[in-house]
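**Student:** I'm passing along target-v2.txt; it holds compact mmCIF, C-alpha atoms and all ligand atoms.
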# COMPACT_ATOMS: atom_id res chain seq x y z
CA MET C 1 15.10 12.01 90.36
CA ILE C 2 12.78 13.50 93.00
CA GLU C 3 14.72 16.76 92.85
CA ARG C 4 14.22 16.93 89.09
CA LEU C 5 10.52 16.18 89.55
CA ARG C 6 10.15 18.91 92.19
CA ALA C 7 11.99 21.42 89.99
CA SER C 8 9.71 20.69 87.05
CA GLN C 9 6.61 20.95 89.27
CA LEU C 10 7.77 24.33 90.55
CA ASP C 11 8.39 25.62 87.01
CA ARG C 12 4.88 24.65 85.97
CA LEU C 13 3.36 26.16 89.12
CA ARG C 14 5.20 29.43 88.55
CA GLU C 15 3.90 29.74 84.98
CA GLY C 16 0.41 28.40 85.61
CA ILE C 17 -0.32 30.48 88.68
CA ALA C 18 0.84 33.63 86.86
CA ILE C 19 -1.77 32.93 84.14
CA VAL C 20 -4.53 32.15 86.65
CA ARG C 21 -3.84 35.34 88.62
CA GLN C 22 -4.46 37.50 85.55
CA SER C 23 -8.08 36.59 84.90
CA ASN C 24 -9.49 33.81 87.12
CA ARG C 25 -12.05 35.53 89.39
CA PHE C 26 -12.29 32.61 91.83
CA TYR C 27 -8.55 32.34 92.42
CA GLN C 28 -7.31 35.91 91.75
CA ALA C 29 -7.71 37.15 95.31
CA ARG C 30 -6.51 33.92 96.87
CA LEU C 31 -3.17 33.66 95.08
CA HIS C 32 0.19 35.39 95.19
CA PRO C 33 3.11 34.82 92.81
CA VAL C 34 4.82 31.47 93.38
CA ARG C 35 8.58 31.37 92.92
CA THR C 36 9.58 28.97 95.70
CA TRP C 37 8.05 26.06 97.58
CA ASP C 38 7.64 28.40 100.55
CA ASP C 39 5.44 30.63 98.37
CA PHE C 40 3.38 27.62 97.34
CA GLU C 41 2.97 26.41 100.90
CA ARG C 42 1.50 29.77 101.93
CA LEU C 43 -1.39 29.44 99.43
CA PRO C 44 -4.79 28.64 100.99
CA LEU C 45 -6.42 25.23 100.55
CA THR C 46 -9.46 24.85 98.28
CA THR C 47 -12.49 22.80 99.35
CA LYS C 48 -15.33 21.26 97.39
CA ASP C 49 -17.79 23.32 99.45
CA GLU C 50 -16.15 26.54 98.26
CA ILE C 51 -16.36 25.47 94.63
CA THR C 52 -19.99 24.35 95.07
CA ALA C 53 -20.95 27.64 96.73
CA ASP C 54 -19.24 29.58 93.94
CA GLN C 55 -21.15 27.66 91.26
CA GLN C 56 -24.42 28.29 93.11
CA ALA C 57 -23.70 32.00 93.50
CA ASN C 58 -22.48 32.38 89.91
CA PRO C 59 -24.47 29.99 87.73
CA PRO C 60 -24.08 28.07 85.56
CA PHE C 61 -20.29 27.57 85.63
CA GLY C 62 -19.03 29.54 88.64
CA THR C 63 -16.02 31.87 88.47
CA ASN C 64 -13.15 29.34 88.43
CA LEU C 65 -12.50 30.08 84.75
CA THR C 66 -9.23 31.53 83.58
CA PHE C 67 -10.44 32.18 80.01
CA PRO C 68 -13.65 33.45 78.37
CA VAL C 69 -16.28 30.67 78.20
CA ASP C 70 -15.90 30.32 74.41
CA ARG C 71 -12.36 29.00 74.86
CA TYR C 72 -13.78 25.83 76.50
CA VAL C 73 -14.77 22.83 74.41
CA ARG C 74 -16.09 20.25 76.89
CA LEU C 75 -18.53 20.24 79.79
CA HIS C 76 -18.78 17.42 82.33
CA GLN C 77 -20.24 17.10 85.78
CA THR C 78 -19.60 15.08 88.89
CA SER C 79 -21.87 12.14 89.64
CA GLY C 80 -23.06 13.85 92.83
CA THR C 81 -23.32 10.53 94.69
CA SER C 82 -22.49 11.88 98.13
CA GLY C 83 -25.82 13.70 98.39
CA THR C 84 -24.37 16.97 97.13
CA ARG C 85 -25.25 18.94 94.04
CA PRO C 86 -23.19 17.88 90.99
CA LEU C 87 -20.29 20.19 90.11
CA ARG C 88 -19.99 21.39 86.52
CA TRP C 89 -16.51 21.42 85.05
CA LEU C 90 -15.28 22.95 81.78
CA ASP C 91 -12.21 21.91 79.81
CA THR C 92 -10.29 23.74 77.11
CA ARG C 93 -8.86 21.90 74.13
CA GLU C 94 -5.48 21.97 75.92
CA SER C 95 -6.73 20.61 79.23
CA TRP C 96 -8.68 17.84 77.48
CA GLU C 97 -5.47 16.97 75.66
CA TRP C 98 -3.77 16.80 79.08
CA TRP C 99 -6.42 14.35 80.41
CA THR C 100 -6.24 12.01 77.43
CA ARG C 101 -2.44 12.09 77.34
CA ILE C 102 -2.31 10.94 80.97
CA TRP C 103 -4.75 8.11 80.15
CA ALA C 104 -2.79 7.06 77.09
CA GLU C 105 0.73 7.40 78.44
CA GLN C 106 0.22 6.44 82.06
CA VAL C 107 -3.02 4.61 82.83
CA TYR C 108 -3.13 2.32 79.79
CA ARG C 109 0.62 1.93 79.37
CA SER C 110 1.16 0.87 82.96
CA ALA C 111 -1.61 -1.74 82.57
CA GLY C 112 0.10 -3.06 79.44
CA VAL C 113 -2.63 -1.84 77.07
CA GLY C 114 -1.57 -0.64 73.63
CA GLU C 115 -2.29 -0.51 69.93
CA GLY C 116 -4.14 -3.60 68.81
CA ASP C 117 -6.18 -3.80 71.98
CA ARG C 118 -9.97 -3.59 71.83
CA VAL C 119 -11.29 -1.61 74.76
CA PHE C 120 -14.92 -2.02 75.88
CA PHE C 121 -16.50 0.73 78.02
CA ALA C 122 -19.34 -0.64 80.15
CA PHE C 123 -21.00 2.72 80.82
CA SER C 124 -23.96 4.68 79.54
CA PHE C 125 -22.10 7.74 78.32
CA GLY C 126 -23.62 10.51 80.47
CA PRO C 127 -22.10 13.80 81.65
CA PHE C 128 -19.63 12.06 84.01
CA ILE C 129 -16.07 12.58 82.82
CA GLY C 130 -14.46 9.19 83.58
CA PHE C 131 -15.45 7.15 80.57
CA TRP C 132 -15.10 10.03 78.08
CA SER C 133 -11.49 10.62 79.11
CA ALA C 134 -10.81 6.87 79.13
CA PHE C 135 -12.41 6.58 75.67
CA ASP C 136 -10.44 9.42 74.08
CA GLY C 137 -7.27 8.19 75.81
CA ALA C 138 -7.69 4.71 74.27
CA GLN C 139 -8.24 6.21 70.84
CA ARG C 140 -5.14 8.36 71.25
CA LEU C 141 -3.22 5.20 72.11
CA GLY C 142 -4.32 3.57 68.87
CA ALA C 143 -6.57 0.97 70.49
CA LEU C 144 -10.04 0.15 69.13
CA THR C 145 -12.67 1.85 71.31
CA ILE C 146 -16.06 0.17 71.81
CA PRO C 147 -18.78 2.21 73.57
CA GLY C 148 -21.13 0.11 75.70
CA GLY C 149 -23.88 2.70 76.28
CA ALA C 150 -27.62 2.04 75.88
CA MET C 151 -27.23 -1.72 76.41
CA THR C 152 -28.43 -4.15 79.02
CA THR C 153 -25.83 -6.03 81.04
CA GLU C 154 -26.38 -9.14 78.92
CA GLN C 155 -26.08 -7.18 75.67
CA ARG C 156 -22.80 -5.77 76.92
CA LEU C 157 -21.54 -9.27 77.66
CA ARG C 158 -22.50 -10.57 74.24
CA SER C 159 -20.98 -7.53 72.57
CA MET C 160 -17.66 -7.95 74.42
CA LEU C 161 -17.49 -11.62 73.50
CA GLU C 162 -18.56 -11.19 69.88
CA LEU C 163 -16.20 -8.25 69.23
CA ARG C 164 -13.40 -10.04 71.08
CA ALA C 165 -12.71 -7.16 73.45
CA THR C 166 -9.35 -7.50 75.23
CA VAL C 167 -9.78 -4.71 77.80
CA LEU C 168 -12.77 -3.74 79.94
CA CYS C 169 -13.20 -0.37 81.67
CA SER C 170 -15.87 -0.35 84.40
CA THR C 171 -16.36 0.10 88.12
CA PRO C 172 -15.30 -2.98 90.10
CA THR C 173 -18.89 -3.46 91.30
CA TYR C 174 -20.14 -3.51 87.74
CA ALA C 175 -17.50 -6.08 86.79
CA ILE C 176 -18.89 -8.34 89.52
CA ARG C 177 -22.38 -7.79 88.14
CA LEU C 178 -21.20 -8.69 84.63
CA ALA C 179 -19.71 -11.90 86.01
CA GLU C 180 -22.98 -12.77 87.80
CA ALA C 181 -24.98 -12.07 84.64
CA ALA C 182 -22.58 -14.16 82.54
CA ALA C 183 -22.99 -17.10 84.88
CA ALA C 184 -26.78 -16.73 84.76
CA ALA C 185 -26.83 -16.57 80.95
CA GLY C 186 -24.36 -19.45 80.55
CA LEU C 187 -21.71 -17.24 78.91
CA ASP C 188 -18.09 -18.24 79.40
CA LEU C 189 -16.14 -15.14 80.44
CA ALA C 190 -13.06 -17.04 81.56
CA SER C 191 -12.26 -18.19 78.02
CA SER C 192 -12.96 -14.77 76.45
CA ASP C 193 -10.21 -12.56 75.00
CA LEU C 194 -10.41 -10.14 77.95
CA ARG C 195 -7.01 -9.93 79.62
CA VAL C 196 -6.98 -6.51 81.33
CA LEU C 197 -9.68 -4.84 83.41
CA ILE C 198 -9.26 -1.19 84.39
CA HIS C 199 -11.41 -0.10 87.31
CA ALA C 200 -12.15 3.30 88.78
CA GLY C 201 -14.81 5.06 90.83
CA GLU C 202 -14.48 2.73 93.83
CA PRO C 203 -11.44 1.27 95.59
CA GLY C 204 -12.34 -2.36 94.66
CA ALA C 205 -9.38 -3.14 92.38
CA SER C 206 -7.08 -2.40 95.33
CA VAL C 207 -9.23 -4.38 97.80
CA PRO C 208 -7.58 -7.83 97.75
CA ALA C 209 -10.71 -10.01 98.03
CA THR C 210 -12.64 -7.95 95.46
CA ARG C 211 -9.75 -8.11 93.02
CA ASP C 212 -9.39 -11.88 93.50
CA LEU C 213 -13.10 -12.39 92.89
CA ILE C 214 -13.06 -10.36 89.66
CA GLU C 215 -9.83 -11.91 88.40
CA ARG C 216 -11.13 -15.42 89.01
CA SER C 217 -14.38 -14.68 87.18
CA PHE C 218 -12.75 -13.07 84.15
CA LYS C 219 -9.37 -14.87 84.13
CA ALA C 220 -7.92 -11.39 83.57
CA ARG C 221 -5.81 -8.92 85.54
CA CYS C 222 -7.39 -5.94 87.32
CA PHE C 223 -5.83 -2.51 87.54
CA ASP C 224 -6.96 0.37 89.74
CA HIS C 225 -7.19 3.97 88.54
CA THR C 226 -7.96 7.00 90.70
CA GLY C 227 -9.25 10.33 89.48
CA MET C 228 -11.82 13.06 90.06
CA THR C 229 -13.93 15.03 87.60
CA GLU C 230 -12.86 18.34 89.06
CA LEU C 231 -9.20 17.41 89.50
CA GLY C 232 -8.07 15.00 86.79
CA PRO C 233 -6.58 11.50 86.55
CA THR C 234 -4.42 11.26 89.67
CA GLY C 235 -3.24 7.67 89.96
CA VAL C 236 -2.46 4.43 88.15
CA SER C 237 -1.67 0.92 89.27
CA CYS C 238 1.37 -0.63 87.65
CA GLU C 239 2.47 -4.12 86.64
CA ALA C 240 3.40 -4.87 90.28
CA ARG C 241 -0.12 -3.77 91.31
CA ALA C 242 1.12 -2.88 94.76
CA GLY C 243 -1.17 0.07 95.36
CA VAL C 244 -1.67 3.08 93.09
CA HIS C 245 1.15 5.34 91.86
CA LEU C 246 0.38 9.04 92.07
CA VAL C 247 0.99 10.84 88.77
CA GLU C 248 3.53 13.25 90.24
CA SER C 249 4.58 14.52 86.82
CA GLU C 250 1.15 16.18 86.45
CA PHE C 251 0.12 17.04 90.01
CA VAL C 252 1.62 18.33 93.23
CA PHE C 253 0.35 16.08 96.02
CA GLU C 254 0.39 16.83 99.73
CA ILE C 255 -0.94 15.08 102.80
CA ARG C 256 -3.10 16.81 105.40
CA ASP C 257 -2.70 15.11 108.76
CA GLU C 258 -5.42 14.74 111.39
CA GLY C 259 -4.31 17.94 113.09
CA GLY C 260 -4.77 19.85 109.80
CA ALA C 261 -1.04 20.31 109.05
CA LEU C 262 0.13 19.92 105.44
CA HIS C 263 3.12 17.81 104.45
CA PRO C 264 4.82 17.30 101.09
CA LEU C 265 4.92 13.65 99.96
CA PRO C 266 7.65 11.80 101.86
CA GLU C 267 11.06 11.41 100.20
CA SER C 268 11.35 8.08 101.99
CA GLY C 269 9.06 6.03 104.22
CA SER C 270 5.30 6.48 104.56
CA LEU C 271 2.76 9.10 105.57
CA GLY C 272 -1.02 8.94 106.09
CA GLY C 273 -3.87 11.45 105.98
CA GLU C 274 -6.12 13.26 103.50
CA LEU C 275 -4.80 13.64 99.96
CA VAL C 276 -4.47 17.27 98.81
CA ALA C 277 -3.70 17.89 95.13
CA THR C 278 -2.84 20.68 92.69
CA ASN C 279 -3.14 19.92 88.97
CA LEU C 280 -0.43 21.19 86.62
CA GLY C 281 -2.10 20.93 83.23
CA ARG C 282 -5.58 22.33 83.60
CA TRP C 283 -5.02 26.05 84.10
CA GLY C 284 -8.33 26.95 82.43
CA SER C 285 -10.22 25.49 85.43
CA PRO C 286 -7.51 24.73 87.99
CA LEU C 287 -7.60 23.39 91.51
CA ILE C 288 -4.86 24.58 93.80
CA ARG C 289 -4.23 22.70 97.04
CA TYR C 290 -7.58 20.93 96.71
CA ARG C 291 -8.76 18.78 99.61
CA THR C 292 -9.87 15.57 97.88
CA GLY C 293 -11.59 14.11 100.95
CA ASP C 294 -9.79 10.83 100.22
CA ARG C 295 -8.01 9.10 103.07
CA VAL C 296 -4.71 7.61 101.95
CA GLU C 297 -1.41 6.23 103.08
CA VAL C 298 1.47 7.21 100.81
CA THR C 299 4.79 5.41 100.59
CA ARG C 300 8.01 6.17 98.73
CA ASP C 301 9.27 2.59 99.18
CA THR C 302 10.73 1.24 95.96
CA CYS C 303 8.19 -0.45 93.67
CA ALA C 304 9.06 -3.55 91.64
CA CYS C 305 8.02 -1.70 88.46
CA GLY C 306 10.79 0.87 88.89
CA SER C 307 8.50 3.94 88.89
CA PRO C 308 9.84 6.82 91.00
CA PHE C 309 6.29 8.01 91.79
CA ALA C 310 5.00 7.58 95.34
CA ARG C 311 2.25 5.00 95.89
CA LEU C 312 -1.08 4.94 97.69
CA VAL C 313 -0.87 1.77 99.77
CA GLY C 314 -4.08 -0.19 99.10
CA GLY C 315 -5.38 2.56 96.78
CA ILE C 316 -7.80 5.09 98.23
CA ARG C 317 -8.73 3.71 101.66
CA GLY C 318 -12.01 5.60 101.80
CA ARG C 319 -13.56 9.03 102.01
CA VAL C 320 -12.49 10.92 105.09
CA ASP C 321 -16.17 11.36 106.01
CA ASP C 322 -16.99 7.65 105.46
CA MET C 323 -15.31 6.63 108.70
CA PHE C 324 -17.58 5.09 111.31
CA THR C 325 -16.71 4.00 114.82
CA VAL C 326 -18.09 0.85 116.41
CA ARG C 327 -17.23 0.63 120.10
CA GLY C 328 -14.07 2.62 119.73
CA VAL C 329 -12.90 0.89 116.54
CA ASN C 330 -12.51 3.23 113.55
CA LEU C 331 -13.68 1.56 110.36
CA TYR C 332 -13.92 2.31 106.63
CA PRO C 333 -16.19 0.61 104.07
CA ALA C 334 -13.21 -0.88 102.16
CA GLN C 335 -12.22 -2.95 105.22
CA VAL C 336 -15.71 -4.43 105.34
CA GLU C 337 -15.66 -4.97 101.57
CA ASP C 338 -12.47 -7.01 101.79
CA LEU C 339 -14.24 -9.47 104.10
CA VAL C 340 -17.56 -9.46 102.23
CA ARG C 341 -15.87 -10.36 98.94
CA ARG C 342 -14.36 -13.51 100.44
CA HIS C 343 -17.87 -14.95 100.28
CA PRO C 344 -18.53 -15.55 96.59
CA SER C 345 -22.25 -16.09 97.15
CA ILE C 346 -22.68 -12.45 98.26
CA GLY C 347 -23.65 -9.97 95.54
CA GLU C 348 -24.46 -6.37 96.46
CA PHE C 349 -23.96 -5.18 100.02
CA GLN C 350 -24.51 -2.05 102.04
CA ILE C 351 -23.33 -0.84 105.43
CA GLU C 352 -26.04 0.80 107.52
CA VAL C 353 -24.77 2.98 110.35
CA ARG C 354 -27.07 4.51 112.94
CA ARG C 355 -26.48 6.49 116.12
CA VAL C 356 -27.75 4.74 119.24
CA ARG C 357 -27.20 6.58 122.54
CA GLY C 358 -24.33 8.58 121.07
CA MET C 359 -22.56 5.55 119.59
CA ASP C 360 -22.40 4.18 116.04
CA GLU C 361 -24.00 0.79 115.44
CA ALA C 362 -23.43 -0.90 112.10
CA THR C 363 -25.28 -3.58 110.17
CA VAL C 364 -24.01 -5.08 106.93
CA VAL C 365 -26.92 -5.86 104.62
CA ILE C 366 -26.07 -8.52 102.05
CA GLU C 367 -27.71 -10.02 99.00
CA CYS C 368 -26.91 -13.69 98.90
CA GLN C 369 -27.37 -16.40 96.29
CA GLY C 370 -28.31 -19.91 97.34
CA PRO C 371 -30.44 -21.36 100.13
CA ASP C 372 -28.09 -20.72 103.09
CA ALA C 373 -28.21 -16.90 103.20
CA GLU C 374 -28.67 -16.82 106.97
CA ALA C 375 -25.65 -19.03 107.53
CA VAL C 376 -23.52 -16.81 105.25
CA ALA C 377 -24.68 -13.73 107.19
CA GLN C 378 -23.62 -15.37 110.45
CA ARG C 379 -20.24 -16.42 109.08
CA LEU C 380 -19.60 -12.90 107.76
CA SER C 381 -20.51 -11.42 111.13
CA ALA C 382 -17.98 -13.74 112.79
CA ASP C 383 -15.33 -12.79 110.17
CA LEU C 384 -15.91 -9.08 110.82
CA ARG C 385 -15.59 -9.56 114.54
CA LEU C 386 -12.42 -11.58 114.24
CA ALA C 387 -10.69 -9.38 111.65
CA LEU C 388 -11.83 -5.93 112.74
CA GLY C 389 -12.55 -6.46 116.42
CA ALA C 390 -16.02 -4.93 116.09
CA ARG C 391 -19.45 -6.41 116.62
CA ILE C 392 -21.30 -5.86 113.33
CA GLU C 393 -24.58 -7.60 112.69
CA CYS C 394 -25.21 -8.98 109.18
CA ARG C 395 -28.61 -9.35 107.60
CA ALA C 396 -29.50 -11.11 104.35
CA VAL C 397 -32.04 -9.48 102.02
CA PRO C 398 -33.57 -10.87 98.80
CA TRP C 399 -31.40 -10.89 95.67
CA GLY C 400 -31.84 -7.70 93.64
CA SER C 401 -33.30 -5.60 96.47
CA LEU C 402 -30.27 -3.30 97.00
CA PRO C 403 -29.65 -0.38 94.62
CA ARG C 404 -27.28 -1.05 91.73
CA SER C 405 -25.18 1.52 89.93
CA GLU C 406 -22.81 1.42 87.00
CA LEU C 407 -21.08 4.46 88.50
CA LYS C 408 -19.90 4.72 92.10
CA SER C 409 -21.82 2.49 94.50
CA GLN C 410 -22.99 4.13 97.71
CA ARG C 411 -21.90 1.50 100.22
CA LEU C 412 -22.31 3.43 103.45
CA ARG C 413 -25.77 4.61 104.56
CA ARG C 414 -26.27 6.61 107.69
CA ALA C 415 -29.69 6.34 109.27
ZN ZN Z 501 4.88 0.20 90.55
Could you show the structure in this file as C-alpha cells?
**Tutor:**
Amino acid sequence: MIERLRASQLDRLREGIAIVRQSNRFYQARLHPVRTWDDFERLPLTTKDEITADQQANPPFGTNLTFPVDRYVRLHQTSGTSGTRPLRWLDTRESWEWWTRIWAEQVYRSAGVGEGDRVFFAFSFGPFIGFWSAFDGAQRLGALTIPGGAMTTEQRLRSMLELRATVLCSTPTYAIRLAEAAAAAGLDLASSDLRVLIHAGEPGASVPATRDLIERSFKARCFDHTGMTELGPTGVSCEARAGVHLVESEFVFEIRDEGGALHPLPESGSLGGELVATNLGRWGSPLIRYRTGDRVEVTRDTCACGSPFARLVGGIRGRVDDMFTVRGVNLYPAQVEDLVRRHPSIGEFQIEVRRVRGMDEATVVIECQGPDAEAVAQRLSADLRLALGARIECRAVPWGSLPRSELKSQRLRRA
C-alpha cells in the first residue's frame, strides 16, 4: 500500500515539477527534473521568509506563479497572526477544485458528514482561505451550507438552533465562546441537532481537555483538521480520533529533525520534528519541500479506522518557534492548554513569557468566571507544576479583558 502511494506521489511530482520548471519564475532556478526520490531529496527547502520576501520584491502576487495571472480565479491571504505580513495566494480553477475535493472526500467524509447535513460556518467570511474551502467542500458534498458572517455570537447561536444545523465549523476557541454565550443567554446547545464539530486553526480539537470541554457543552463529537493557506488541507481526524491523518495522497510529507536533516515519513514506528510538505495538486502556485514551522510527531502505527495514512500524534503540537523554556523544561502552549481546559470556569487565557537574566519566565493569565478566581489561579499553578515540572505563576484578570478572535488565537506573548 505504501509502495503504491509512493509510486503515485513520484508520478505526480515528475509531471508537476516539469510544468513548474517551464514558467514559474520563483521555482525555475531552484528545481531540476525529478525522476527518482533521490532527485526529489536534492531539491532545496522553501521557507515562508523566502515567499514573503519574494512577494515584497515583486508585488502584488510575487513570482511563484506557473501561469499568467488571468488563469487564476481566486485570491486569499493568510491571517498574518504571527506578527508577519499576510501572504497572498492565488488559485486556478483546477487547484480550487483540488482543495474542495479534499474537503469533501477526506475532511467531511472521515468525520461522518454527508448529504443531508446542514453545515454552519461561524466565521465572518474575509480573505482567509479556511472557511471558503470548507464552504465549497460542503456544497460539493451535497450538504446544506449556512454562512455565519456578519452576525453576533448570539445571532449565530440562534441561527444554528433555528435552522437545525447538524455540523459546526469553527476554531476550537470560538466553539468554547459559543458555549459560554449559550449558557449566558439560556440557550440549550446540548439538545440541539449539532452532532459534529470540525475545528481548525488551533490544535484544540486534539488537546484532550479542550475537546472534552467542547464535547460536553455541545453533546457533539469534535474533529481536528490541519491546513495552511499557502499549502492546502493537510490533515484530517478520523472516526477513531487518535490524532490527525496526513493526506498522503495529495502531499509528500517529510520530517526535519532538530539537526536539520530531512527524513521521509516512517514506514513503521514514529518520528518527531518539523513537518515539511510538498503539495501535489496546486501546480499553479506550488510549494515544494515547504517548512511549515509546525512541530509534530508522526506515527505509522495502525489506526482503528483502517486508514493507511500516517498520523500526527496529538495533532500539531505547536509552532516550532512557540517553544519556551522554564528552568530547563521545554514547553509548548498546547501542554498548558490541556491543563487550563480542565478548569471549566476559565475562559480565555494567555501565556506571557519574558526573559529575566537570560532565562524564560512564564505567567499564565486567565479569565475566570465566579467569585473564586484567585483560588482557581492557584490550583492551576499547582497543576502546571505537577504535570509539567515547571514553576509557572497564574494570574486572574477580569472576564472579557483578553483579546478574542474567531480565527487563530494568539496564546503565547513574549514580553
Ligand atoms: Zn484513523
**Student:** Mind listing whatever residues come within 12 Å of the point (-1.8, -4.9, 76.2)? Use all atoms listed in the file, file coordinates, and give them as number ranges by chain.
**Tutor:** C: 107-119, 138, 141-144, 165-168, 193-198, 220-221, 239
**Student:** Contacts of stretch 29-45 of chain C at 6 Å or less, counting only C-alpha atoms, minus same-chain residues fewer than 6 places along, as a PyMOL selection string?
**Tutor:** chain C and resi 14+289-290
**Student:** What's the 12 Å shell around C:Trp283, counting all atoms listed in the file, without same-chain residues fewer than 2 positions away, as number ranges by chain?
**Tutor:** C: 12-24, 27, 64-67, 72, 90-96, 98, 231-232, 250-251, 278-281, 285-288
**Student:** Using only C-alpha atoms and all ligand atoms, can you tell me which of C:Asp301, C:Glu258, C:Asp212, C:Glu367 comes closest to ligand ZN 501 (chain Z)?
**Tutor:**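 Once distances to ligand ZN 501 (chain Z) are computed over only C-alpha atoms and all ligand atoms, the minimum belongs to C:Asp301.
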**Student:** Counting all atoms listed in the file, which residues have an atom no more than 9 Å from (-25.8, -1.0, 100.0) in the file's coordinates? Please list them as number ranges by chain.
**Tutor:** C: 348-352, 364-366, 402-404, 409-413
**Student:** What are the nearest atom pairs, with distances in Å to one decimal, for all residues of chain C that come at most 12 Å from ligand ZN 501 (chain Z), using all atoms listed in the file, set out by chain and rising residue number as JSON lines?
**Tutor:**
{"residue": "C:Gln106", "atom": "CA", "partner": "Z:ZN501", "partner_atom": "ZN", "distance": 11.5}
{"residue": "C:Val107", "atom": "CA", "partner": "Z:ZN501", "partner_atom": "ZN", "distance": 11.9}
{"residue": "C:Ser110", "atom": "CA", "partner": "Z:ZN501", "partner_atom": "ZN", "distance": 8.5}
{"residue": "C:Ala111", "atom": "CA", "partner": "Z:ZN501", "partner_atom": "ZN", "distance": 10.5}
{"residue": "C:Phe223", "atom": "CA", "partner": "Z:ZN501", "partner_atom": "ZN", "distance": 11.5}
{"residue": "C:Asp224", "atom": "CA", "partner": "Z:ZN501", "partner_atom": "ZN", "distance": 11.9}
{"residue": "C:Gly235", "atom": "CA", "partner": "Z:ZN501", "partner_atom": "ZN", "distance": 11.0}
{"residue": "C:Val236", "atom": "CA", "partner": "Z:ZN501", "partner_atom": "ZN", "distance": 8.8}
{"residue": "C:Ser237", "atom": "CA", "partner": "Z:ZN501", "partner_atom": "ZN", "distance": 6.7}
{"residue": "C:Cys238", "atom": "CA", "partner": "Z:ZN501", "partner_atom": "ZN", "distance": 4.6}
{"residue": "C:Glu239", "atom": "CA", "partner": "Z:ZN501", "partner_atom": "ZN", "distance": 6.3}
{"residue": "C:Ala240", "atom": "CA", "partner": "Z:ZN501", "partner_atom": "ZN", "distance": 5.3}
{"residue": "C:Arg241", "atom": "CA", "partner": "Z:ZN501", "partner_atom": "ZN", "distance": 6.4}
{"residue": "C:Ala242", "atom": "CA", "partner": "Z:ZN501", "partner_atom": "ZN", "distance": 6.4}
{"residue": "C:Gly243", "atom": "CA", "partner": "Z:ZN501", "partner_atom": "ZN", "distance": 7.7}
{"residue": "C:Val244", "atom": "CA", "partner": "Z:ZN501", "partner_atom": "ZN", "distance": 7.6}
{"residue": "C:His245", "atom": "CA", "partner": "Z:ZN501", "partner_atom": "ZN", "distance": 6.5}
{"residue": "C:Leu246", "atom": "CA", "partner": "Z:ZN501", "partner_atom": "ZN", "distance": 10.0}
{"residue": "C:Val247", "atom": "CA", "partner": "Z:ZN501", "partner_atom": "ZN", "distance": 11.5}
{"residue": "C:Thr299", "atom": "CA", "partner": "Z:ZN501", "partner_atom": "ZN", "distance": 11.3}
{"residue": "C:Arg300", "atom": "CA", "partner": "Z:ZN501", "partner_atom": "ZN", "distance": 10.6}
{"residue": "C:Asp301", "atom": "CA", "partner": "Z:ZN501", "partner_atom": "ZN", "distance": 10.0}
{"residue": "C:Thr302", "atom": "CA", "partner": "Z:ZN501", "partner_atom": "ZN", "distance": 8.0}
{"residue": "C:Cys303", "atom": "CA", "partner": "Z:ZN501", "partner_atom": "ZN", "distance": 4.6}
{"residue": "C:Ala304", "atom": "CA", "partner": "Z:ZN501", "partner_atom": "ZN", "distance": 5.7}
{"residue": "C:Cys305", "atom": "CA", "partner": "Z:ZN501", "partner_atom": "ZN", "distance": 4.2}
{"residue": "C:Gly306", "atom": "CA", "partner": "Z:ZN501", "partner_atom": "ZN", "distance": 6.2}
{"residue": "C:Ser307", "atom": "CA", "partner": "Z:ZN501", "partner_atom": "ZN", "distance": 5.5}
{"residue": "C:Pro308", "atom": "CA", "partner": "Z:ZN501", "partner_atom": "ZN", "distance": 8.3}
{"residue": "C:Phe309", "atom": "CA", "partner": "Z:ZN501", "partner_atom": "ZN", "distance": 8.0}
{"residue": "C:Ala310", "atom": "CA", "partner": "Z:ZN501", "partner_atom": "ZN", "distance": 8.8}
{"residue": "C:Arg311", "atom": "CA", "partner": "Z:ZN501", "partner_atom": "ZN", "distance": 7.6}
{"residue": "C:Leu312", "atom": "CA", "partner": "Z:ZN501", "partner_atom": "ZN", "distance": 10.4}
{"residue": "C:Val313", "atom": "CA", "partner": "Z:ZN501", "partner_atom": "ZN", "distance": 11.0}
**Student:** Would you save the residues of that selection, restricted to C-alpha atoms, as an mmCIF file, in the coordinates of the input?
**Tutor:**
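File part-v2.cif, as written:
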data_model
loop_
_atom_site.group_PDB
_atom_site.id
_atom_site.type_symbol
_atom_site.label_atom_id
_atom_site.label_comp_id
_atom_site.auth_asym_id
_atom_site.auth_seq_id
_atom_site.Cartn_x
_atom_site.Cartn_y
_atom_site.Cartn_z
ATOM 1 C CA GLN C 106 0.220 6.440 82.060
ATOM 2 C CA VAL C 107 -3.020 4.610 82.830
ATOM 3 C CA SER C 110 1.160 0.870 82.960
ATOM 4 C CA ALA C 111 -1.610 -1.740 82.570
ATOM 5 C CA PHE C 223 -5.830 -2.510 87.540
ATOM 6 C CA ASP C 224 -6.960 0.370 89.740
ATOM 7 C CA GLY C 235 -3.240 7.670 89.960
ATOM 8 C CA VAL C 236 -2.460 4.430 88.150
ATOM 9 C CA SER C 237 -1.670 0.920 89.270
ATOM 10 C CA CYS C 238 1.370 -0.630 87.650
ATOM 11 C CA GLU C 239 2.470 -4.120 86.640
ATOM 12 C CA ALA C 240 3.400 -4.870 90.280
ATOM 13 C CA ARG C 241 -0.120 -3.770 91.310
ATOM 14 C CA ALA C 242 1.120 -2.880 94.760
ATOM 15 C CA GLY C 243 -1.170 0.070 95.360
ATOM 16 C CA VAL C 244 -1.670 3.080 93.090
ATOM 17 C CA HIS C 245 1.150 5.340 91.860
ATOM 18 C CA LEU C 246 0.380 9.040 92.070
ATOM 19 C CA VAL C 247 0.990 10.840 88.770
ATOM 20 C CA THR C 299 4.790 5.410 100.590
ATOM 21 C CA ARG C 300 8.010 6.170 98.730
ATOM 22 C CA ASP C 301 9.270 2.590 99.180
ATOM 23 C CA THR C 302 10.730 1.240 95.960
ATOM 24 C CA CYS C 303 8.190 -0.450 93.670
ATOM 25 C CA ALA C 304 9.060 -3.550 91.640
ATOM 26 C CA CYS C 305 8.020 -1.700 88.460
ATOM 27 C CA GLY C 306 10.790 0.870 88.890
ATOM 28 C CA SER C 307 8.500 3.940 88.890
ATOM 29 C CA PRO C 308 9.840 6.820 91.000
ATOM 30 C CA PHE C 309 6.290 8.010 91.790
ATOM 31 C CA ALA C 310 5.000 7.580 95.340
ATOM 32 C CA ARG C 311 2.250 5.000 95.890
ATOM 33 C CA LEU C 312 -1.080 4.940 97.690
ATOM 34 C CA VAL C 313 -0.870 1.770 99.770
#
